[in-house]
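Okay, my_file.json is below, JSON, C-alpha atoms:
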[["chain", "number", "residue", "atom", "x", "y", "z"],
["O", 25, "MET", "CA", -64.97, 57.07, -14.16],
["O", 26, "SER", "CA", -65.49, 53.30, -14.26],
["O", 27, "PRO", "CA", -62.91, 51.23, -12.34],
["O", 28, "ARG", "CA", -62.18, 49.49, -15.64],
["O", 29, "ALA", "CA", -61.32, 52.76, -17.36],
["O", 30, "ASP", "CA", -59.13, 54.49, -14.79],
["O", 31, "HIS", "CA", -55.47, 55.00, -15.57],
["O", 32, "LEU", "CA", -54.16, 52.84, -12.73],
["O", 33, "THR", "CA", -56.32, 49.84, -13.71],
["O", 34, "ARG", "CA", -55.24, 50.11, -17.35],
["O", 35, "GLU", "CA", -51.59, 50.30, -16.28],
["O", 36, "VAL", "CA", -51.94, 47.23, -14.00],
["O", 37, "VAL", "CA", -53.66, 45.27, -16.78],
["O", 38, "GLU", "CA", -50.89, 46.18, -19.23],
["O", 39, "LEU", "CA", -48.19, 45.17, -16.72],
["O", 40, "ILE", "CA", -49.91, 41.84, -16.07],
["O", 41, "GLY", "CA", -50.06, 41.28, -19.83],
["O", 42, "GLU", "CA", -46.35, 42.04, -20.15],
["O", 43, "VAL", "CA", -45.49, 39.64, -17.31],
["O", 44, "VAL", "CA", -47.58, 36.89, -18.91],
["O", 45, "ALA", "CA", -46.03, 37.45, -22.35],
["O", 46, "ARG", "CA", -42.48, 37.39, -20.94],
["O", 47, "TYR", "CA", -43.25, 34.27, -18.89],
["O", 48, "HIS", "CA", -44.59, 32.43, -21.96],
["O", 49, "GLU", "CA", -41.61, 33.53, -24.04],
["O", 50, "GLU", "CA", -39.14, 32.23, -21.45],
["O", 51, "TYR", "CA", -41.20, 29.07, -20.93],
["O", 52, "ASP", "CA", -41.16, 28.33, -24.68],
["O", 53, "GLU", "CA", -37.38, 28.94, -24.79],
["O", 54, "ALA", "CA", -36.84, 26.58, -21.84],
["O", 55, "ALA", "CA", -39.06, 23.97, -23.50],
["O", 56, "ALA", "CA", -37.10, 24.21, -26.74],
["O", 57, "LYS", "CA", -33.87, 23.44, -24.85],
["O", 58, "HIS", "CA", -35.46, 20.08, -24.02],
["O", 59, "SER", "CA", -36.78, 19.61, -27.60],
["O", 60, "LEU", "CA", -40.33, 20.24, -26.42],
["O", 61, "THR", "CA", -43.00, 22.62, -27.62],
["O", 62, "GLY", "CA", -44.46, 25.04, -25.09],
["O", 63, "ALA", "CA", -47.67, 22.99, -24.99],
["O", 64, "GLN", "CA", -45.76, 19.76, -24.36],
["O", 65, "ALA", "CA", -43.82, 21.41, -21.56],
["O", 66, "ARG", "CA", -47.01, 22.76, -19.96],
["O", 67, "VAL", "CA", -48.61, 19.30, -20.04],
["O", 68, "LEU", "CA", -45.48, 17.70, -18.61],
["O", 69, "THR", "CA", -45.33, 20.25, -15.80],
["O", 70, "LEU", "CA", -49.04, 19.83, -15.09],
["O", 71, "LEU", "CA", -48.69, 16.04, -14.90],
["O", 72, "SER", "CA", -45.70, 16.26, -12.58],
["O", 73, "GLY", "CA", -48.20, 17.21, -9.87],
["O", 74, "GLU", "CA", -50.58, 14.29, -10.44],
["O", 75, "ALA", "CA", -51.78, 11.86, -13.09],
["O", 76, "LEU", "CA", -54.83, 13.24, -14.92],
["O", 77, "PRO", "CA", -57.39, 12.10, -17.48],
["O", 78, "MET", "CA", -57.15, 13.73, -20.92],
["O", 79, "ARG", "CA", -60.36, 15.70, -20.49],
["O", 80, "ARG", "CA", -59.14, 17.33, -17.28],
["O", 81, "ILE", "CA", -55.82, 18.23, -18.93],
["O", 82, "ALA", "CA", -57.73, 19.81, -21.81],
["O", 83, "LYS", "CA", -59.93, 21.74, -19.40],
["O", 84, "LYS", "CA", -56.94, 23.05, -17.42],
["O", 85, "LEU", "CA", -55.14, 24.09, -20.62],
["O", 86, "LYS", "CA", -58.36, 25.41, -22.20],
["O", 87, "CYS", "CA", -57.97, 23.36, -25.37],
["O", 88, "GLU", "CA", -59.66, 20.47, -27.15],
["O", 89, "PRO", "CA", -59.13, 16.91, -25.84],
["O", 90, "SER", "CA", -57.95, 15.85, -29.31],
["O", 91, "ASN", "CA", -55.05, 18.32, -29.02],
["O", 92, "VAL", "CA", -54.11, 16.82, -25.66],
["O", 93, "THR", "CA", -54.15, 13.31, -27.15],
["O", 94, "GLY", "CA", -51.57, 14.35, -29.74],
["O", 95, "ILE", "CA", -49.39, 16.03, -27.11],
["O", 96, "ILE", "CA", -49.57, 12.95, -24.85],
["O", 97, "ASP", "CA", -48.75, 10.69, -27.83],
["O", 98, "ARG", "CA", -45.56, 12.66, -28.53],
["O", 99, "LEU", "CA", -44.54, 12.80, -24.85],
["O", 100, "GLU", "CA", -45.20, 9.07, -24.51],
["O", 101, "THR", "CA", -43.03, 8.32, -27.56],
["O", 102, "ARG", "CA", -40.18, 10.15, -25.81],
["O", 103, "GLY", "CA", -40.70, 8.18, -22.60],
["O", 104, "LEU", "CA", -41.73, 11.24, -20.59],
["O", 105, "VAL", "CA", -45.36, 10.24, -20.04],
["O", 106, "GLU", "CA", -47.27, 6.98, -19.82],
["O", 107, "ARG", "CA", -50.93, 6.09, -19.96],
["O", 108, "LYS", "CA", -52.39, 3.94, -17.22],
["O", 109, "PRO", "CA", -55.88, 2.91, -16.11],
["O", 110, "ASP", "CA", -57.65, 5.08, -13.54],
["O", 111, "PRO", "CA", -58.00, 2.97, -10.37],
["O", 112, "ALA", "CA", -61.38, 4.64, -9.70],
["O", 113, "ASP", "CA", -62.74, 3.91, -13.21],
["O", 114, "ARG", "CA", -60.91, 1.32, -15.34],
["O", 115, "ARG", "CA", -62.56, 2.74, -18.49],
["O", 116, "VAL", "CA", -60.65, 6.01, -18.07],
["O", 117, "LYS", "CA", -56.96, 6.35, -18.96],
["O", 118, "LEU", "CA", -54.75, 8.64, -16.94],
["O", 119, "ALA", "CA", -51.69, 10.37, -18.28],
["O", 120, "ALA", "CA", -48.81, 10.21, -15.79],
["O", 121, "VAL", "CA", -45.20, 11.38, -15.90],
["O", 122, "THR", "CA", -42.42, 8.84, -15.87],
["O", 123, "GLU", "CA", -39.26, 9.40, -13.82],
["O", 124, "ASP", "CA", -37.62, 10.92, -16.93],
["O", 125, "GLY", "CA", -40.66, 13.15, -17.36],
["O", 126, "ARG", "CA", -40.49, 14.30, -13.74],
["O", 127, "ARG", "CA", -36.78, 15.13, -14.06],
["O", 128, "THR", "CA", -37.45, 17.06, -17.27],
["O", 129, "ALA", "CA", -40.34, 18.99, -15.66],
["O", 130, "ASP", "CA", -38.09, 19.84, -12.69],
["O", 131, "LEU", "CA", -35.34, 21.06, -15.02],
["O", 132, "LEU", "CA", -37.87, 23.19, -16.90],
["O", 133, "ARG", "CA", -39.16, 24.81, -13.71],
["O", 134, "ASP", "CA", -35.63, 25.38, -12.42],
["O", 135, "SER", "CA", -34.61, 27.15, -15.63],
["O", 136, "LEU", "CA", -37.37, 29.79, -15.44],
["O", 137, "ASP", "CA", -35.51, 32.76, -14.03],
["O", 138, "PHE", "CA", -37.70, 35.61, -15.31],
["O", 139, "ALA", "CA", -40.29, 35.45, -12.53],
["O", 140, "ARG", "CA", -38.12, 33.93, -9.82],
["O", 141, "GLU", "CA", -35.31, 36.51, -9.88],
["O", 142, "PRO", "CA", -37.50, 39.62, -9.47],
["O", 143, "LEU", "CA", -39.57, 37.82, -6.83],
["O", 144, "GLY", "CA", -36.37, 37.13, -4.92],
["O", 145, "GLU", "CA", -35.92, 40.88, -4.53],
["O", 146, "LEU", "CA", -39.26, 41.17, -2.72],
["O", 147, "SER", "CA", -39.56, 40.54, 1.00],
["O", 148, "ASN", "CA", -41.47, 37.51, 2.24],
["O", 149, "ASP", "CA", -44.35, 39.83, 3.24],
["O", 150, "GLU", "CA", -44.39, 41.40, -0.25],
["O", 151, "ARG", "CA", -44.41, 37.97, -1.96],
["O", 152, "THR", "CA", -47.19, 36.83, 0.36],
["O", 153, "ALA", "CA", -49.24, 39.96, -0.39],
["O", 154, "LEU", "CA", -48.69, 39.53, -4.15],
["O", 155, "ARG", "CA", -49.68, 35.85, -3.98],
["O", 156, "ASP", "CA", -52.82, 36.69, -2.01],
["O", 157, "LEU", "CA", -53.80, 39.47, -4.43],
["O", 158, "LEU", "CA", -53.28, 37.20, -7.45],
["O", 159, "LYS", "CA", -55.36, 34.45, -5.83],
["O", 160, "ARG", "CA", -58.08, 37.00, -5.09],
["O", 161, "MET", "CA", -58.02, 38.22, -8.70],
["O", 162, "LEU", "CA", -58.44, 34.61, -9.85],
["O", 163, "GLY", "CA", -61.40, 34.05, -7.54],
["O", 164, "GLY", "CA", -59.54, 31.91, -5.01]]
Let me see the structure of the file written as structure tokens.
Amino acid sequence: MSPRADHLTREVVELIGEVVARYHEEYDEAAAKHSLTGAQARVLTLLSGEALPMRRIAKKLKCEPSNVTGIIDRLETRGLVERKPDPADRRVKLAAVTEDGRRTADLLRDSLDFAREPLGELSNDERTALRDLLKRMLGG
């Protein structure tokens, strides 16, 4: 039997799918509480780590750069994001969170209980093992 077809692999894949679906559902609900779409919230959270050019945001989110431009436009209108020149290449514009954007991204992350609460029931060794397995699955 192929490793892709065995019962345990199918069960793990289904559980991962359920976790992802529940995470996105909760993420979208948390975003809505801040009058954001799920995509806007994901961009805001991504930018809270570092300022990025539109193309890199699109690549990370696996979408078209034109979609990112619209999302950034709406976040900028709300004062959550600003565009600024890239110090390494003045022709490139970076999207960066404002202080309001950073606070909103922090509130969003803090309101996501679905994954955090069950993880809190695992020991530090179990969380470390899970993290390492997930990284390995993702090629890291």
Long-range neighbours of Leu70 (chain O) as a ChimeraX atom specification, 10 Å cut-off, only C-alpha atoms, 5 positions minimum in chain: /O:64-65,75-76,81,84-85,120-121,129
Generate the output file for the selected residues, C-alpha atoms, as a short mmCIF file (atom, residue, chain, number, x, y, z; two decimals), keeping the file's coordinate frame.
data_model
loop_
_atom_site.label_atom_id
_atom_site.label_comp_id
_atom_site.auth_asym_id
_atom_site.auth_seq_id
_atom_site.Cartn_x
_atom_site.Cartn_y
_atom_site.Cartn_z
CA GLN O 64 -45.76 19.76 -24.36
CA ALA O 65 -43.82 21.41 -21.56
CA ALA O 75 -51.78 11.86 -13.09
CA LEU O 76 -54.83 13.24 -14.92
CA ILE O 81 -55.82 18.23 -18.93
CA LYS O 84 -56.94 23.05 -17.42
CA LEU O 85 -55.14 24.09 -20.62
CA ALA O 120 -48.81 10.21 -15.79
CA VAL O 121 -45.20 11.38 -15.90
CA ALA O 129 -40.34 18.99 -15.66
#
Have a look at O:Cys87, O:Val67, O:Leu132, O:Leu118 and name the one nearest to Glu50 (chain O); count all atoms listed in the file. O:Leu132
Name all residues at most 12 Å from region 136-148 of chain O (count all atoms listed in the file; drop same-chain ones fewer than 3 positions away) and give them as an MDAnalysis selection string. chainID O and resid 42:55 57 129:133 151:155
Taking (-52.1, 3.8, -13.7) as a centre in this file's frame and 10 Å as the limit, can you find every polymer residue with an atom that close, using only C-alpha atoms, and give them as a PDB file with C-alpha atoms, keeping the file's coordinate frame?
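As written to disk, point.pdb reads:
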ATOM      1  CA  ALA O  75     -51.780  11.860 -13.090  1.00  0.00           C
ATOM      2  CA  LEU O  76     -54.830  13.240 -14.920  1.00  0.00           C
ATOM      3  CA  GLU O 106     -47.270   6.980 -19.820  1.00  0.00           C
ATOM      4  CA  ARG O 107     -50.930   6.090 -19.960  1.00  0.00           C
ATOM      5  CA  LYS O 108     -52.390   3.940 -17.220  1.00  0.00           C
ATOM      6  CA  PRO O 109     -55.880   2.910 -16.110  1.00  0.00           C
ATOM      7  CA  ASP O 110     -57.650   5.080 -13.540  1.00  0.00           C
ATOM      8  CA  PRO O 111     -58.000   2.970 -10.370  1.00  0.00           C
ATOM      9  CA  ARG O 114     -60.910   1.320 -15.340  1.00  0.00           C
ATOM     10  CA  VAL O 116     -60.650   6.010 -18.070  1.00  0.00           C
ATOM     11  CA  LYS O 117     -56.960   6.350 -18.960  1.00  0.00           C
ATOM     12  CA  LEU O 118     -54.750   8.640 -16.940  1.00  0.00           C
ATOM     13  CA  ALA O 119     -51.690  10.370 -18.280  1.00  0.00           C
ATOM     14  CA  ALA O 120     -48.810  10.210 -15.790  1.00  0.00           C
TER      15      ALA O 120
END
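With all atoms listed in the file as the basis for measurement, O:Leu68 is the residue among O:Leu68, O:Val92, O:Leu158, O:Asp149 that approaches Arg127 (chain O) most closely.
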Nearest residue to Val105 (chain O) out of O:Asp134, O:Lys83, O:Thr33, O:Leu71, using only C-alpha atoms? O:Leu71
Would you place a box with edges along x, y and z of the file around all atoms of region 111-129 of chain O listed there, add 5 Å to each of its six sides, and report the centre and edge lengths in Å to one decimal, as lines of an AutoDock Vina configuration file?
center_x = -49.8
center_y = 10.2
center_z = -14.3
size_x = 36.0
size_y = 27.7
size_z = 19.3
Mind completing region 35-46 of chain O with all heavy atoms? Output as a compact mmCIF listing (two decimals), in the frame of the given file, please?
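As written to disk, part10.txt reads:
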# COMPACT_ATOMS: atom_id res chain seq x y z
N GLU O 35 -53.02 50.54 -16.42
CA GLU O 35 -51.59 50.30 -16.28
C GLU O 35 -51.33 48.92 -15.66
O GLU O 35 -50.45 48.18 -16.13
CB GLU O 35 -50.97 51.39 -15.40
CG GLU O 35 -49.46 51.28 -15.31
CD GLU O 35 -48.84 52.41 -14.49
OE1 GLU O 35 -49.57 53.18 -13.83
OE2 GLU O 35 -47.61 52.48 -14.49
N VAL O 36 -52.10 48.55 -14.63
CA VAL O 36 -51.94 47.23 -14.00
C VAL O 36 -52.24 46.12 -15.00
O VAL O 36 -51.49 45.14 -15.10
CB VAL O 36 -52.83 47.10 -12.74
CG1 VAL O 36 -52.86 45.67 -12.25
CG2 VAL O 36 -52.34 48.03 -11.64
N VAL O 37 -53.30 46.28 -15.77
CA VAL O 37 -53.66 45.27 -16.78
C VAL O 37 -52.54 45.13 -17.81
O VAL O 37 -52.16 44.01 -18.19
CB VAL O 37 -55.00 45.62 -17.45
CG1 VAL O 37 -55.25 44.76 -18.68
CG2 VAL O 37 -56.15 45.46 -16.45
N GLU O 38 -51.99 46.24 -18.26
CA GLU O 38 -50.89 46.18 -19.23
C GLU O 38 -49.65 45.51 -18.63
O GLU O 38 -48.98 44.72 -19.30
CB GLU O 38 -50.55 47.59 -19.72
CG GLU O 38 -51.61 48.16 -20.65
CD GLU O 38 -51.38 49.62 -21.00
OE1 GLU O 38 -50.28 50.15 -20.71
OE2 GLU O 38 -52.31 50.23 -21.55
N LEU O 39 -49.35 45.80 -17.37
CA LEU O 39 -48.19 45.17 -16.72
C LEU O 39 -48.41 43.67 -16.55
O LEU O 39 -47.48 42.88 -16.77
CB LEU O 39 -47.92 45.83 -15.37
CG LEU O 39 -47.33 47.24 -15.44
CD1 LEU O 39 -47.39 47.91 -14.07
CD2 LEU O 39 -45.92 47.21 -15.99
N ILE O 40 -49.61 43.27 -16.18
CA ILE O 40 -49.91 41.84 -16.07
C ILE O 40 -49.73 41.17 -17.43
O ILE O 40 -49.14 40.11 -17.53
CB ILE O 40 -51.33 41.60 -15.51
CG1 ILE O 40 -51.38 41.99 -14.03
CG2 ILE O 40 -51.74 40.13 -15.68
CD1 ILE O 40 -52.80 42.01 -13.45
N GLY O 41 -50.22 41.82 -18.48
CA GLY O 41 -50.06 41.28 -19.83
C GLY O 41 -48.60 41.14 -20.21
O GLY O 41 -48.19 40.14 -20.81
N GLU O 42 -47.78 42.10 -19.84
CA GLU O 42 -46.35 42.04 -20.15
C GLU O 42 -45.68 40.90 -19.38
O GLU O 42 -44.85 40.17 -19.92
CB GLU O 42 -45.69 43.37 -19.82
CG GLU O 42 -44.25 43.44 -20.29
CD GLU O 42 -43.63 44.81 -20.07
OE1 GLU O 42 -44.36 45.81 -20.05
OE2 GLU O 42 -42.39 44.86 -19.90
N VAL O 43 -46.04 40.74 -18.12
CA VAL O 43 -45.49 39.64 -17.31
C VAL O 43 -45.85 38.30 -17.94
O VAL O 43 -45.00 37.42 -18.10
CB VAL O 43 -45.98 39.72 -15.84
CG1 VAL O 43 -45.67 38.43 -15.09
CG2 VAL O 43 -45.34 40.91 -15.14
N VAL O 44 -47.12 38.15 -18.31
CA VAL O 44 -47.58 36.89 -18.91
C VAL O 44 -46.84 36.62 -20.22
O VAL O 44 -46.37 35.50 -20.45
CB VAL O 44 -49.11 36.91 -19.12
CG1 VAL O 44 -49.57 35.75 -19.98
CG2 VAL O 44 -49.82 36.91 -17.78
N ALA O 45 -46.72 37.62 -21.06
CA ALA O 45 -46.03 37.45 -22.35
C ALA O 45 -44.57 37.05 -22.14
O ALA O 45 -44.06 36.14 -22.80
CB ALA O 45 -46.12 38.73 -23.18
N ARG O 46 -43.89 37.71 -21.21
CA ARG O 46 -42.48 37.39 -20.94
C ARG O 46 -42.34 35.99 -20.35
O ARG O 46 -41.41 35.26 -20.68
CB ARG O 46 -41.85 38.44 -20.04
CG ARG O 46 -41.62 39.75 -20.80
CD ARG O 46 -41.05 40.83 -19.95
NE ARG O 46 -39.73 40.51 -19.43
CZ ARG O 46 -39.09 41.25 -18.53
NH1 ARG O 46 -39.64 42.36 -18.09
NH2 ARG O 46 -37.91 40.89 -18.10
